[in-house]
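The structure appears right after this line, and notes come after that.
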Amino acid sequence: MPPFDSARAAATLLLFDLEKESAPLDELLQGLDAKLPDNRDARFARQLVLGSIRWQKRLDWILTSFCSRPIDKLSPWARHILRMGVYQLFWLDRVPERAAVHTSVELAKHFAHKGVASLVNAVLRNLLRRQSQIRYPDPQREPTAYLSVYYSHPEWLVERWLQRWNYEFVEILLAANNEPSDLNIRLNPLRAEEELQQTLNLETTGSLPGFFKVPSGANLFTTPAYKQGQFQVQDPNAALAVALLDPQPGEHLLDLCSAPGGKATQAATAMDDRGRIVAADISPARLSRVHENAQRLGLNSLQTVVRDGTAPGEASFDRVLADVPCSATGVIGRHPDVRWRREADQLPHLAARQRLLLERAYEHLKPGGVLVYSTCSLEEEENEKIVEQFLAQTPTAQLQRADIQFPDQPWAQDYIQTIPGHHPGDGSFAARIHKTAP
């Protein structure tokens, strides 16, 4: 890695690897800490990466007006360096314009060649001279195009949201998706010490007790409190599914698609670590994280099992959680790359698998038991429609309204549905289903 600017160089390499390998962004970001031992450099590199991904469409729109070649025809190095340069110029007040241009040119010299460096220099300097000429689609004549470009979301997603909600509602949602997400933790009531809240400078967050916002994630995972299992990282809205399931001590519970295990460990602490929780997942590697977290948190009621959730089941569990893989359109703010990894034609395939997972989860449930089906999606095909079709075709399945358990909450009616910008936190969906005797 070049000595001239380790943070910008690491960010450029990560963006290149993300496009080339399609590796999970979270995994690549974790590698920054090893490459950049200085916390300030690591934070700056993350900011560059996340900003370039989050604002990619708007950055490309800006660049298109000042670049002689289409952005998608440029080399990956030129594309990522230009995006990062524009992001620094127009989004980061603390980076001087001269530094943004100079470091971008130096990156181009290092990772590409003089021709790319000349291009980067010319485009960024021309952009600075003519930035007042930047024009976006007209929001009155082209509302979908405007929202898509200005808030940097794929047009297909903006269009489907506009078909469902009004313009103002969608604009608030899009803006929320571009805000950095909070780092939230759930205290482990079995281990947390009274002074932890003051030690980590925590403030309460969400609608459930025991959840706190951490002002800074720097060194959080090296603290004695983390190693001692006093808390688990979890968004409070992600926790609503388990709260709706309401597991009780001594019960037998199945978490059908468990990894990485936040909900399984939440259920175990809700049960006072008494009973039995089977945390199942098809991926041994991801399931190992569930096991590691359970050990760190000191949970003995939780066991991990490698299992395909679509395999037939037997009615042996008091409660079942089916938190199924989904399009993740409710957590775009937390995972900005999701918006560029999804296409509209993927939804029917996801929905078909989700329906099968719900059916298999229900097979595992004893008569009289309770199942919660949940996603981190905002799409009806993955949420309400799945549940409604299942209920219509399953005589023993009865919906139990979420607002009975969560009265006076704006996100609870028949189902739980939180929406970024309109409710604090991530987007989430959950439905509670009771199994009657046949």
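Scheme for the structure tokens: letters A, B, ... for chains in order shown; per-chain residue numbers from 1; ligand numbers from 1 in order shown.
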>> Taking 2 positions as the minimum chain separation for residues in the same chain, which residues sit within 10 Å of Pro247 (chain A) when counting only C-alpha atoms? Answer as a list in words.
In response: Val242, Ala243, Leu244, Leu245, Pro249, Gly250, Glu251, His252, Leu253, Gln266, Ala267, Ala268, Thr269, Ala270, Met271, Asp272, Gly275, Asp318, Arg319, Val320, Leu321 and Val370 of chain A
Which residues of region 247-341 of chain A come within 12 Å of region 51-69 of chain A, and for each one, what is the closest pair of atoms and their distance in Å to one decimal, counting only C-alpha atoms, sorted by chain and residue number, as JSON lines?
{"residue": "A:Ile332", "atom": "CA", "partner": "A:Arg54", "partner_atom": "CA", "distance": 8.9}
{"residue": "A:Gly333", "atom": "CA", "partner": "A:Arg54", "partner_atom": "CA", "distance": 8.4}
{"residue": "A:Arg334", "atom": "CA", "partner": "A:Arg54", "partner_atom": "CA", "distance": 10.1}
{"residue": "A:His335", "atom": "CA", "partner": "A:Arg54", "partner_atom": "CA", "distance": 8.9}
{"residue": "A:Pro336", "atom": "CA", "partner": "A:Arg54", "partner_atom": "CA", "distance": 5.3}
{"residue": "A:Asp337", "atom": "CA", "partner": "A:Ile53", "partner_atom": "CA", "distance": 6.2}
{"residue": "A:Val338", "atom": "CA", "partner": "A:Arg54", "partner_atom": "CA", "distance": 9.6}
{"residue": "A:Arg339", "atom": "CA", "partner": "A:Arg54", "partner_atom": "CA", "distance": 8.6}
{"residue": "A:Trp340", "atom": "CA", "partner": "A:Ile53", "partner_atom": "CA", "distance": 8.7}
{"residue": "A:Arg341", "atom": "CA", "partner": "A:Ile53", "partner_atom": "CA", "distance": 11.3}
> Of the residues A:Ala225, A:Leu119, A:Ala311, A:Val331, which is the one nearest to Ser75 (chain A), using only C-alpha atoms?
Replying inline: A:Leu119
>> Please list as a VMD selection string every residue within 8 Å of Ala100 (chain A), counting only C-alpha atoms and excluding residues in the same chain fewer than 4 positions away.
In response: chain A and resid 85 88 to 89 95 to 96 104
For the selection you just gave me, I'd like the residues written to a file as a JSON list (two decimals), in the first residue's frame, keeping N, CA and C atoms.
[["chain", "number", "residue", "atom", "x", "y", "z"],
["A", 85, "GLY", "N", -13.43, 11.21, -5.39],
["A", 85, "GLY", "CA", -13.03, 12.61, -5.46],
["A", 85, "GLY", "C", -14.22, 13.55, -5.39],
["A", 88, "GLN", "N", -15.69, 13.69, -1.88],
["A", 88, "GLN", "CA", -14.92, 14.56, -0.98],
["A", 88, "GLN", "C", -15.18, 16.03, -1.26],
["A", 89, "LEU", "N", -15.30, 16.40, -2.56],
["A", 89, "LEU", "CA", -15.51, 17.79, -2.91],
["A", 89, "LEU", "C", -16.84, 18.33, -2.43],
["A", 95, "VAL", "N", -12.55, 18.35, 4.09],
["A", 95, "VAL", "CA", -11.49, 18.06, 3.12],
["A", 95, "VAL", "C", -11.35, 19.25, 2.18],
["A", 96, "PRO", "N", -10.21, 19.94, 2.18],
["A", 96, "PRO", "CA", -10.02, 21.07, 1.26],
["A", 96, "PRO", "C", -10.12, 20.62, -0.20],
["A", 104, "SER", "N", -6.62, 12.51, -5.35],
["A", 104, "SER", "CA", -7.26, 11.69, -6.38],
["A", 104, "SER", "C", -6.31, 11.46, -7.55]]
Show me, as an mmCIF file with C-alpha atoms, in the first residue's frame, the residues that have an atom within 6 Å of region 376-388 of chain A when counting only C-alpha atoms, minus same-chain residues fewer than 5 positions from it.
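See part.cif below for the written result:
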data_model
loop_
_atom_site.group_PDB
_atom_site.id
_atom_site.type_symbol
_atom_site.label_atom_id
_atom_site.label_comp_id
_atom_site.auth_asym_id
_atom_site.auth_seq_id
_atom_site.Cartn_x
_atom_site.Cartn_y
_atom_site.Cartn_z
ATOM 1 C CA SER A 327 -34.340 -8.388 -0.413
ATOM 2 C CA ALA A 328 -33.238 -6.341 2.647
ATOM 3 C CA THR A 329 -34.838 -3.144 1.313
ATOM 4 C CA GLY A 330 -35.566 -2.114 4.901
ATOM 5 C CA ALA A 351 -40.937 -14.827 -2.377
ATOM 6 C CA GLY A 427 -37.121 -1.304 8.362
ATOM 7 C CA SER A 428 -38.572 -4.579 9.623
#
